[in-house]
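Trainee: Starting off with a structure, shown below.
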Amino acid sequence: MDDDVVKRVFQDGGRDFYQQPSTSSSSSSSILQSLPLHVSFDHGYYLLVKSIQELREKKEALVTVGIGGPSGSGKTSLADKVASVIGCTVVSMENYRVGVDDGNDLDSIDFDTLVQNLEDLINGKDTLTPVFDFQEKRRVGSKAITSSSSGVVIVDGTYALHARLRSLQDIRVAVVGGVHFSLLSKVQYDIGDACSLDYLIDSIFPLFRKHIEPDLHHAQIRINNSFVSSFREPIYKLKCKSEQSPNGNSAFTFHGKEAIMDNFIEMYLRPPSASEEARINDWIKVRQSGIRYYLSLGDQRIVDKHYIIRPKAEFEVGRMTLGGLLALGYTVVVSYKRVSTSVSNGNVSMSLETIDSLGETYMVLRGTNRKTVGAEASRMGINGPWITKSYLEMILERKGVPRINTPPLLPNASAYSNQETLIAAPKPLRITPNLVNRLEDLSQDSQPWTRSPTKSKMEPVLASWHFNSPDPPLADGSVIETDPSSFRDTLHLIPMPDSYDLDRGLLLAVQAIQALLENKGLPVIVGIGGPSGSGKTSLARKMANIVGCEVFSLENYYKSEQVKDFKYDEFNSLDLALLSKNFDGIRNFRRTKVPIFDLETGTRSGFKELEVSEDCGVVIFEGVYALHPDIRKSLDLWIAVVGGVHSHLISRVQRDKSRVGCFMSQNEIMTTVFPMFQQHIEPHLVHAHLKIRNDFDPVLSPESSLFVLKSKKQVAYQDILRILDSTKICSSVQNFTDVYFRLPGMPANGGQLAESDCIRVRICEGRFALLIREPIREGNFIVQPKVDFDISICTVAGLLNLGYKAVAYIEASAYIYQDGKILIEVDHLQDVPSTYLQIKGVNKEAVAAAGSTLKLDGSYTTKSYLQIILERLPVLERSSGGIQTQQAARLQELVEFIQSQCNNVMEKQGSSSASESSPSRENSPLEGIIEDMQSRIKKLERWHTINTVLWTFFMSALVGYSLYQRKRN
């Protein structure tokens, strides 16, 4: 790390511990050195973790971090995400209150105690931090923090970057956006142009510009959080009337847990321009609990059957925010008291809630898993009758206020004017080498990022779906291709004119399904299309969890003969006759058999019966060609998704090309790497009813990370089986080849081939997969995202045409055991005598416990397989151009085979013009090489089949014997 750069990063009051003269002139890149002006939440999380790790290596003392920003911006979420990866102590400034006038008032923060606590920890002393009780409105005790367990301390709070704290912080992080910006956007939309944005900020957040914003410009990492509210992890509720009062104890023997009582005052604020009717989706809800105020924007909930489904969309604000909204013209329409007594078993909570305006007590079951909530209700013998109306709706009904339901049908649609606008993948962020800004660049006047919402044009919190009469003409006079005989009636959804992010798109997709069910009835068939890696499958599964329906991938309709010839991306590889037959069966409420395709063997392995009913009236089909004209004519809802890993690969290529001094446009890269998408997939996406841009960063995001422990210690298979659930265990065998592609001329780290400089492609069972796993290594753990995704052979050939060269490959076989919670993988690498065992899971504690049970403590490694193989080579054979010389011939064979297969596919698709526009490469006669490669693959497949049969027989016998022994015991 360059000393001068570090001094500049830690200037302006930071803890500059690099005062000693520089002893080296290292030019290696630094995370802190490459901080951009402001970044996304995902990127900021990644930078913060890497910065902490880098500083911890440079110093032996405590690393302190401050995370500041307005309420609702995402500070606490960021601190929690970092703490889940790095063992650290999070200190919340809310526990340092000494007054209760307003949660954002500087005078209510005990800075003296906080400074003393930080100084104690920095000096290696144990300390006592206060604990504040918001119900009792006073400090109720203290919590001990030992200096030995606090290698990293994070201070999280609105004033975490205050001048009194900055001199004690190594890294300063500012977070803006989130619900904070969303509230500003909504208020500006409700009020219009009558007030300036600065006036609205001063009204709603009166202390922000004076006491909070100036401190944010001293941050080294500045995050603009676009996340608002999400149904990614929704809360499922079941509600019914209860004859028991909250003071009764008989109903609260819930797994022996102690009940918790709470009192709330809930208020609903109507916008100034809203009419008297109860369009409650536009109202703002404020909940007061003690001295705390929580705000949520609108009635963002979904009702499906008996379940009420809500997003996590509530955030804390100061009392002055409520006063500011009232001063701007918002009026309190409904206010009521809610007395709640609740207990929880960790997965499901049960509450008795009394509403004073209704004079009734209700029992509510809540949880984050729909099936778990339903199972707990059945276990307790609660069968309803269930209530799906909110307390607000019931109060309005008693008052006789009319409720506006689904919007009326529109005779004509004007929303088709923007229909032919192409959907483009989000433009990748291009980071220049020198992004350490001068002090004057940090001035408040030149930084609008802290105070302005992300969109210049405000839009409502939630759009509404409308229907139109049959077959409205488009702007150019053409008509959407429909088959009237395949529809039950002539109603069609009007497409949304704009594109939406994944969170808002998820909510709109579910609401579109509900609108279709209300207006057209059962069944509803949904199609989700888009490029591979864009997020189609994730969106489909999240929709299915909310709606409670079936999801089928169009990959199940592959023809075996097509797949064996690497034709995964060809539309003709789908069995359209069977798909049409399934559509017809679903439409006519007949039992239909949906195929199941085994991607490992490349054959159809069976069928699954599907029958439309009240419990399963929605079916989702997702796939690359889900919106093809021959398929979408049978669908009720068309959803297009772009971005995700698909966009990340384009961004990665752009970054690599810029590092070697060759700048290419996004369109040039797209036409080369994804020729099939631009010619045969994208044209169909423009007709979607709902267009979703998935800005999720698959590499940097902390969402659903895998925690991995890797060891070369030998473990008996019987011991592996013992730590897995015997009722859910399954095993498989995989043989794969990982090929590493790298651009010539890229600066190498220390002159040696590094995995981070390469794009890794896995060839397994004739399929190609892009492995995007840029891990965080912390202690014994490797923390990596779950984002491997299939690519076509044309994408690999496109990388070669862009100048990438195959520089290394690893052949290996893996024996995989899993039970749904833990996955254990035993890898056998070619030319490496010892095997490596990997334990993977999303729960860090469960992975650590499995490793301890297998007695692996002390044997872990965080090195990649590429590093391990490189270290085994003699020094003279290590090279930045590859692992060893004798691999060159094998790599050349792979390259030529990939290019020849891609050319065959492109010729059959009639897309030879796209390949001509790419840089040409000289090819030698390939007939003999291709035949040799195909024979090798066939031999590998035969060996794999024999090996799988033998291994399955062995495992079945072993599991059967283990169960027999357990039964005897």
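Quick note on naming: the chains in the structure tokens go A, B, ... in the order shown, residues restart at 1 in each chain, and ligands are numbered from 1 in order of appearance.
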Please provide the set of residues having any atom within 8 Å of stretch 818-835 of chain A, restricted to only C-alpha atoms, with same-chain residues fewer than 3 positions apart removed, written as a ChimeraX atom specification.
Mentor: /A:712-714,720,724-726,728-731,810-815,838-842,846-847,869
Trainee: Quick check for you: according to DSSP on this backbone, which residues of stretch 144-371 of chain A are classed as helix (DSSP H, G or I)? Reply as a VMD selection string.
Mentor: chain A and resid 147 to 149 163 to 166 178 to 191 197 to 204 208 to 216 250 to 252 280 to 282 319 to 327 370 to 371
Trainee: Which polymer residues have any atom within 8 Å of an atom of A:Met350, counting only C-alpha atoms, with same-chain residues fewer than 5 positions away left out, as a PyMOL selection string?
Mentor: chain A and resi 254+342-344+363-366
Trainee: I need the chosen residues saved as an mmCIF file, in the first residue's frame, with N, CA, C and O atoms.
Mentor:
```cif
data_model
loop_
_atom_site.group_PDB
_atom_site.id
_atom_site.type_symbol
_atom_site.label_atom_id
_atom_site.label_comp_id
_atom_site.auth_asym_id
_atom_site.auth_seq_id
_atom_site.Cartn_x
_atom_site.Cartn_y
_atom_site.Cartn_z
ATOM 1 N N PHE A 254 -46.433 -20.850 24.532
ATOM 2 C CA PHE A 254 -45.875 -21.072 23.199
ATOM 3 C C PHE A 254 -44.439 -21.546 23.344
ATOM 4 O O PHE A 254 -43.520 -20.756 23.447
ATOM 5 N N SER A 342 -46.947 -10.694 22.903
ATOM 6 C CA SER A 342 -46.439 -11.636 21.906
ATOM 7 C C SER A 342 -45.389 -12.562 22.497
ATOM 8 O O SER A 342 -44.704 -12.216 23.462
ATOM 9 N N VAL A 343 -45.298 -13.740 21.881
ATOM 10 C CA VAL A 343 -44.263 -14.710 22.213
ATOM 11 C C VAL A 343 -43.710 -15.258 20.907
ATOM 12 O O VAL A 343 -44.361 -15.194 19.858
ATOM 13 N N SER A 344 -42.505 -15.810 20.961
ATOM 14 C CA SER A 344 -41.866 -16.300 19.752
ATOM 15 C C SER A 344 -41.053 -17.546 20.063
ATOM 16 O O SER A 344 -40.481 -17.682 21.150
ATOM 17 N N MET A 363 -55.812 -12.605 17.204
ATOM 18 C CA MET A 363 -54.623 -13.437 17.309
ATOM 19 C C MET A 363 -53.898 -13.398 15.961
ATOM 20 O O MET A 363 -54.509 -13.614 14.926
ATOM 21 N N VAL A 364 -52.597 -13.114 16.000
ATOM 22 C CA VAL A 364 -51.814 -12.966 14.781
ATOM 23 C C VAL A 364 -50.587 -13.867 14.869
ATOM 24 O O VAL A 364 -49.845 -13.815 15.858
ATOM 25 N N LEU A 365 -50.387 -14.691 13.839
ATOM 26 C CA LEU A 365 -49.180 -15.498 13.712
ATOM 27 C C LEU A 365 -48.308 -14.876 12.630
ATOM 28 O O LEU A 365 -48.790 -14.585 11.531
ATOM 29 N N ARG A 366 -47.029 -14.684 12.934
ATOM 30 C CA ARG A 366 -46.093 -14.057 11.989
ATOM 31 C C ARG A 366 -44.860 -14.929 11.824
ATOM 32 O O ARG A 366 -44.405 -15.564 12.773
#
```
Trainee: So that I can check the surroundings of A:Glu376, please list as a VMD selection string every protein, DNA and RNA residue that reaches within 10 Å of it, counting only C-alpha atoms and ignoring chain neighbours fewer than 2 positions away.
Mentor: chain A and resid 347 to 350 365 to 367 371 to 374 378 to 382
Trainee: So, counting only C-alpha atoms, which residue among A:Ser705, A:Gln666, A:Ser464, A:Gln169 is closest to A:Pro497?
Mentor: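 The answer is A:Ser464, which sits nearest to A:Pro497.
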Trainee: Quick one: pick out all strand (DSSP E) residues within stretch 659-826 of chain A from a backbone DSSP run and write them as a ChimeraX atom specification.
Mentor: /A:690-694,706-711,730-742,759-764,767-771,776-778,781-784,789-791,805-818,823-826
